[in-house]
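A short worksheet on the structure shown next.
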Amino acid sequence: MGAGHDTVAAELVRRARERGDDARVVDVLALLPYGLGAALRHFYRGSVRHFPWAYAALYRLFLRPGPGRRPGGTPLARLAGGRLVELAGRTGADVVVPVFHLGAQLTGHLRARGLLSVPSVVLVIDFEVHRQWLHPGNDRLLCLTREAAREARAGTGTDAEVCGPVVAPEFFADAPGADGWRSLFGRLGPGRPAVVLSAGAWGVGSHLDGTVRLLAGNGFLPVVLCGDNERLRRDLSAVPGVLALGWVTDMPGLLHAARALVDNAAGQTAVQALAAGLPVVGHRPIPGHGAQGVRRMAALGVSEVAEDDAALLGVLRRLTAPGPARRERIAAGRALFTDDALTRILAAADAERAHAASPRPDPEPTPGP
């Protein structure tokens, strides 16, 4: 739905092509007939932006982990089945890699019924593994953490491994654009630590106006990522001492120049910040998977949660200042990046094909009378 899934898919394609392989991104919503995909995206976007209580209710009904029967996404996903099977056959695909939970429902459905002839390896990009990621028909799941892999195995009975987040290599080294951002921050807020606030690709957040005023009034330079929400960017640009940005193309440089990230979704911006060595603080998360992911990140020790304004100021003062607290948080975040997801994907696909091609043992002869 948001840009995080697209970013992960694009990075996998880049890695594959760098190895000399062919790869392509397919939007599962575009495979749905009758314009259902566009309608679903608009509904989700509108709910998160304007009616967060509605999305919270949908999350509890459809996605929330835990025991008990609840509706699934398979009936919707399988409407795209014919198009995906045709595409996989026409392109000669060796593996299909869902990076969005509706895609995982689709490939799991097709594999369980023998309709998709190539392996499906699900890349779970959320810290909180909600149930729509978990279809037992998929061949393997790759997860961000050991805890997530354990939950995936328990929820599907399928092999699940840890690969860590998928982030472009530019985030791990000091980016060329960082000096330009540092110069800008120095001009706008001399001596003020730059704190990035992420509102996602759609510019969604709770009480962002109050948060930026709080930070600007207490010695920080708030740098707000408004995504494509031009109205939000205009409104926050009117607040003194705030830098409100639209769509940013140099995220590596920006994150390397800042001192902390205030995050509300535990999504791709958060893991990019961890790769760049930027402490992450969860505050006022969006409902559903955002709130669950923010809490899960903090429980893993790779971020912190600030429940109120006083806690936010306290943790930012501690983590933006040089010292052991900052170093320990950065080290914990970077420790998440354990392996190359593409290597794991290809190995899993090879193993599944070898298993499918191996001859089955002859049945034991039936003893005679």
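Residues are named by chain letter and number: chains run A, B, ... in the order of the structure tokens, numbers start at 1 in each chain, and ligands are numbered from 1 in the order shown.
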
Using backbone DSSP assignments, extract all strand (DSSP E or B) residues from stretch 65-190 of chain A; output them as a list of chain:residue names.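 Strand (DSSP E or B) assignments inside stretch 65-190 of chain A correspond to A:Val96, A:Ser120, A:Val121, A:Val122, A:Leu123, A:Arg140, A:Leu141, A:Leu142, A:Cys143, A:Asp159, A:Ala160, A:Glu161, A:Val162.
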
Give me the residues within 9 Å of stretch 78-86 of chain A as a list in words, counting only C-alpha atoms and dropping any in the same chain fewer than 2 places off. Val26, Val28, Leu29, Ala30, Leu31, Leu32, Pro33, Gly73, Thr74, Pro75, Leu76, Ala88, Gly89, Arg90, Thr91, Gln105, Leu106, Thr107, His109, Leu110, Leu115, Leu116 and Ser117 of chain A

Keeping N, CA, C and O atoms, export the residues of the selection given above as a short mmCIF file (atom, residue, chain, number, x, y, z; two decimals), in the first residue's frame.
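Written out: part.cif:
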data_model
loop_
_atom_site.label_atom_id
_atom_site.label_comp_id
_atom_site.auth_asym_id
_atom_site.auth_seq_id
_atom_site.Cartn_x
_atom_site.Cartn_y
_atom_site.Cartn_z
N VAL A 26 5.95 -6.51 -9.58
CA VAL A 26 4.56 -6.58 -9.99
C VAL A 26 3.71 -6.15 -8.79
O VAL A 26 3.86 -6.68 -7.69
N VAL A 28 0.60 -6.34 -6.78
CA VAL A 28 -0.49 -7.30 -6.66
C VAL A 28 -1.84 -6.60 -6.76
O VAL A 28 -2.82 -7.18 -7.26
N LEU A 29 -1.93 -5.34 -6.33
CA LEU A 29 -3.20 -4.63 -6.44
C LEU A 29 -3.57 -4.38 -7.90
O LEU A 29 -4.75 -4.33 -8.24
N ALA A 30 -2.55 -4.21 -8.75
CA ALA A 30 -2.81 -4.01 -10.17
C ALA A 30 -3.29 -5.29 -10.85
O ALA A 30 -3.88 -5.24 -11.94
N LEU A 31 -3.04 -6.44 -10.23
CA LEU A 31 -3.50 -7.71 -10.79
C LEU A 31 -4.96 -7.99 -10.47
O LEU A 31 -5.58 -8.84 -11.10
N LEU A 32 -5.51 -7.29 -9.48
CA LEU A 32 -6.91 -7.50 -9.13
C LEU A 32 -7.83 -6.93 -10.21
O LEU A 32 -7.56 -5.85 -10.74
N PRO A 33 -8.91 -7.62 -10.54
CA PRO A 33 -9.80 -7.12 -11.61
C PRO A 33 -10.77 -6.06 -11.09
O PRO A 33 -10.85 -5.79 -9.88
N GLY A 73 -7.53 -12.79 3.93
CA GLY A 73 -7.49 -12.07 2.67
C GLY A 73 -7.46 -12.96 1.45
O GLY A 73 -7.43 -12.47 0.32
N THR A 74 -7.51 -14.29 1.63
CA THR A 74 -7.40 -15.19 0.49
C THR A 74 -8.51 -15.01 -0.53
O THR A 74 -8.24 -15.01 -1.74
N PRO A 75 -9.81 -14.87 -0.13
CA PRO A 75 -10.85 -14.70 -1.16
C PRO A 75 -10.59 -13.51 -2.08
O PRO A 75 -10.83 -13.59 -3.29
N LEU A 76 -10.08 -12.41 -1.53
CA LEU A 76 -9.76 -11.25 -2.37
C LEU A 76 -8.51 -11.54 -3.20
O LEU A 76 -8.49 -11.28 -4.41
N ALA A 88 3.87 -15.48 -14.42
CA ALA A 88 5.01 -16.33 -14.03
C ALA A 88 5.40 -17.27 -15.17
O ALA A 88 6.59 -17.48 -15.44
N GLY A 89 4.41 -17.81 -15.86
CA GLY A 89 4.71 -18.70 -16.97
C GLY A 89 5.31 -17.97 -18.16
O GLY A 89 6.27 -18.44 -18.78
N ARG A 90 4.77 -16.80 -18.48
CA ARG A 90 5.25 -16.04 -19.64
C ARG A 90 6.67 -15.54 -19.45
O ARG A 90 7.45 -15.47 -20.41
N THR A 91 7.04 -15.18 -18.22
CA THR A 91 8.38 -14.65 -17.98
C THR A 91 9.40 -15.73 -17.63
O THR A 91 10.59 -15.44 -17.51
N GLN A 105 -0.83 -14.00 0.64
CA GLN A 105 -2.08 -14.76 0.59
C GLN A 105 -2.30 -15.35 -0.80
O GLN A 105 -2.75 -16.50 -0.93
N LEU A 106 -2.00 -14.58 -1.82
CA LEU A 106 -2.20 -15.05 -3.20
C LEU A 106 -1.29 -16.21 -3.53
O LEU A 106 -1.74 -17.26 -4.00
N THR A 107 0.02 -16.07 -3.30
CA THR A 107 0.94 -17.15 -3.66
C THR A 107 0.70 -18.39 -2.80
O THR A 107 0.81 -19.52 -3.29
N HIS A 109 -2.16 -19.41 -1.59
CA HIS A 109 -3.35 -20.05 -2.16
C HIS A 109 -3.00 -20.84 -3.43
O HIS A 109 -3.40 -22.00 -3.59
N LEU A 110 -2.22 -20.22 -4.31
CA LEU A 110 -1.89 -20.87 -5.57
C LEU A 110 -0.98 -22.08 -5.37
O LEU A 110 -1.16 -23.12 -6.01
N LEU A 115 -1.37 -24.63 -8.42
CA LEU A 115 -1.61 -23.78 -9.59
C LEU A 115 -0.40 -22.93 -9.97
O LEU A 115 -0.31 -22.47 -11.10
N LEU A 116 0.50 -22.70 -9.01
CA LEU A 116 1.73 -21.95 -9.27
C LEU A 116 2.88 -22.95 -9.24
O LEU A 116 3.13 -23.57 -8.20
N SER A 117 3.59 -23.10 -10.35
CA SER A 117 4.57 -24.18 -10.47
C SER A 117 5.93 -23.83 -9.90
O SER A 117 6.79 -24.71 -9.79
#

Excluding same-chain residues fewer than 4 positions from A:Asp263, what lies within 7 Å of it counting only C-alpha atoms, as a list in words?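 The residues that qualify are Leu197, Ser198, Ala270, Val280, Val281, Gly282 and His283 of chain A.
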
Mind the document's chain letters and residue numbers, and return as a PyMOL selection string the residues of stretch 195-259 of chain A that DSSP labels alpha helix (DSSP H). chain A and resi 208-216+230-237+251-257

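Using only C-alpha atoms, the nearest neighbour of A:Gly108 within the list A:Leu87, A:Ala275, A:Leu184, A:Leu141 is A:Leu141.
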
Near-stretch 1-18 of chain A list (8 Å; only C-alpha atoms; drop same-chain fewer than 3 positions) as a list in words: Asp21, Asp22, Ala23, Arg24, Val25, Arg41, Tyr44, Val99, Phe100, Ile125, Val166, Val167, Ala168, Gly200, Ala201, Trp202, Gly267, Gln268, Thr269, Ala341 and Leu342 of chain A

Residues within 12 Å of A:Gly290, please, as a PyMOL selection string. Count only C-alpha atoms; anything in the same chain fewer than 3 positions from it doesn't count. chain A and resi 48+52+55-56+59+64+126-130+199-200+204-205+263-268+270+282-287+293-297

Could you write those residues out with N, CA and C atoms, as a compact mmCIF listing (two decimals), in the first residue's frame?
# COMPACT_ATOMS: atom_id res chain seq x y z
N VAL A 48 -6.51 5.54 7.18
CA VAL A 48 -5.36 5.87 8.01
C VAL A 48 -5.24 7.39 8.20
N PRO A 52 -8.63 6.92 11.61
CA PRO A 52 -7.74 5.88 12.13
C PRO A 52 -8.44 4.84 12.98
N TYR A 55 -9.45 1.98 10.73
CA TYR A 55 -8.38 1.04 10.40
C TYR A 55 -8.01 0.19 11.61
N ALA A 56 -8.02 0.77 12.79
CA ALA A 56 -7.73 0.00 13.99
C ALA A 56 -8.72 -1.16 14.14
N TYR A 59 -7.89 -3.81 11.58
CA TYR A 59 -6.70 -4.55 11.99
C TYR A 59 -7.06 -5.63 13.01
N ARG A 64 -4.79 -8.91 13.25
CA ARG A 64 -4.17 -9.06 14.57
C ARG A 64 -3.68 -10.49 14.79
N ASP A 126 7.56 -6.59 8.00
CA ASP A 126 7.06 -5.98 9.24
C ASP A 126 7.74 -6.61 10.45
N PHE A 127 7.95 -5.80 11.48
CA PHE A 127 8.44 -6.35 12.75
C PHE A 127 7.36 -7.17 13.43
N GLU A 128 6.13 -6.75 13.30
CA GLU A 128 4.99 -7.50 13.87
C GLU A 128 4.43 -8.38 12.76
N VAL A 129 4.54 -9.70 12.94
CA VAL A 129 4.10 -10.64 11.91
C VAL A 129 2.61 -10.90 12.10
N HIS A 130 1.78 -10.08 11.46
CA HIS A 130 0.34 -10.30 11.61
C HIS A 130 -0.10 -11.47 10.74
N ALA A 199 6.37 10.88 8.53
CA ALA A 199 4.92 10.71 8.41
C ALA A 199 4.58 9.77 7.26
N GLY A 200 5.58 9.05 6.76
CA GLY A 200 5.34 8.08 5.70
C GLY A 200 5.12 8.73 4.35
N VAL A 204 1.05 10.88 7.01
CA VAL A 204 0.04 10.53 8.01
C VAL A 204 0.67 10.59 9.39
N GLY A 205 0.02 11.27 10.32
CA GLY A 205 0.53 11.33 11.68
C GLY A 205 -0.49 11.94 12.61
N ASP A 263 9.57 8.17 14.84
CA ASP A 263 8.90 7.28 13.89
C ASP A 263 7.51 6.93 14.41
N ASN A 264 6.56 6.71 13.47
CA ASN A 264 5.21 6.36 13.90
C ASN A 264 4.66 5.11 13.23
N ALA A 265 5.54 4.33 12.57
CA ALA A 265 5.00 3.19 11.85
C ALA A 265 5.90 1.96 11.84
N ALA A 266 7.15 2.04 12.29
CA ALA A 266 8.08 0.91 12.26
C ALA A 266 8.21 0.35 10.86
N GLY A 267 8.22 1.24 9.88
CA GLY A 267 8.31 0.82 8.49
C GLY A 267 9.69 0.99 7.91
N GLN A 268 9.74 1.23 6.60
CA GLN A 268 11.02 1.23 5.91
C GLN A 268 11.89 2.41 6.31
N ALA A 270 12.18 3.63 9.23
CA ALA A 270 12.80 3.26 10.50
C ALA A 270 14.00 2.34 10.28
N GLY A 282 9.98 5.73 18.82
CA GLY A 282 8.58 5.61 18.44
C GLY A 282 7.73 6.55 19.26
N HIS A 283 6.84 7.29 18.58
CA HIS A 283 5.99 8.26 19.27
C HIS A 283 4.69 8.44 18.48
N ARG A 284 3.57 8.37 19.18
CA ARG A 284 2.25 8.52 18.57
C ARG A 284 2.11 7.68 17.30
N PRO A 285 2.26 6.37 17.39
CA PRO A 285 2.21 5.53 16.17
C PRO A 285 0.82 5.49 15.57
N ILE A 286 0.77 5.26 14.26
CA ILE A 286 -0.51 5.05 13.60
C ILE A 286 -1.10 3.73 14.12
N PRO A 287 -2.42 3.57 14.05
CA PRO A 287 -3.04 2.41 14.68
C PRO A 287 -2.71 1.11 13.95
N GLY A 293 4.12 -2.62 15.55
CA GLY A 293 5.50 -2.66 15.11
C GLY A 293 6.41 -1.77 15.93
N VAL A 294 5.93 -0.57 16.30
CA VAL A 294 6.72 0.33 17.13
C VAL A 294 7.03 -0.32 18.47
N ARG A 295 6.04 -0.95 19.06
CA ARG A 295 6.27 -1.62 20.36
C ARG A 295 7.21 -2.81 20.21
N ARG A 296 7.08 -3.54 19.10
CA ARG A 296 7.95 -4.70 18.90
C ARG A 296 9.40 -4.26 18.71
N MET A 297 9.63 -3.19 17.97
CA MET A 297 10.99 -2.68 17.81
C MET A 297 11.60 -2.33 19.16

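Interatomic distance, atom CA of A:Ala238 against atom CA of A:His207: 15.3 Å.
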
Find the residue from A:Gly103, A:Gly288, A:Pro222, A:Gly137 that sits nearest to A:Val239; use only C-alpha atoms when measuring. A:Pro222

I'd like the contact shell of stretch 244-257 of chain A - 7 Å cut-off, only C-alpha atoms, skipping same-chain residues fewer than 2 positions apart - returned as a ChimeraX atom specification. /A:170-171,174-178,181-182,223-228,230,233,236-237,242,259,273,276,278

Point-to-point distance in Å for atom CA of A:Thr211 and atom CA of A:Pro193: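 Here the two named atoms are 15.3 Å from each other.
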
What's the 12 Å shell around A:Arg187, counting only C-alpha atoms, without same-chain residues fewer than 6 positions away, as a PyMOL selection string? chain A and resi 180-181+194+221+241+243

Residues from last step as file, C-alpha atoms, as a PDB file, in the first residue's frame:
ATOM      1  CA  GLY A 180      24.710  19.522   2.172  1.00  0.00           C
ATOM      2  CA  TRP A 181      22.010  18.573   4.664  1.00  0.00           C
ATOM      3  CA  ALA A 194      18.180  17.892  13.746  1.00  0.00           C
ATOM      4  CA  LEU A 221      15.329  21.377  14.766  1.00  0.00           C
ATOM      5  CA  GLY A 241      11.855  26.710  13.553  1.00  0.00           C
ATOM      6  CA  LEU A 243      11.805  22.309   8.227  1.00  0.00           C
TER       7      LEU A 243
END
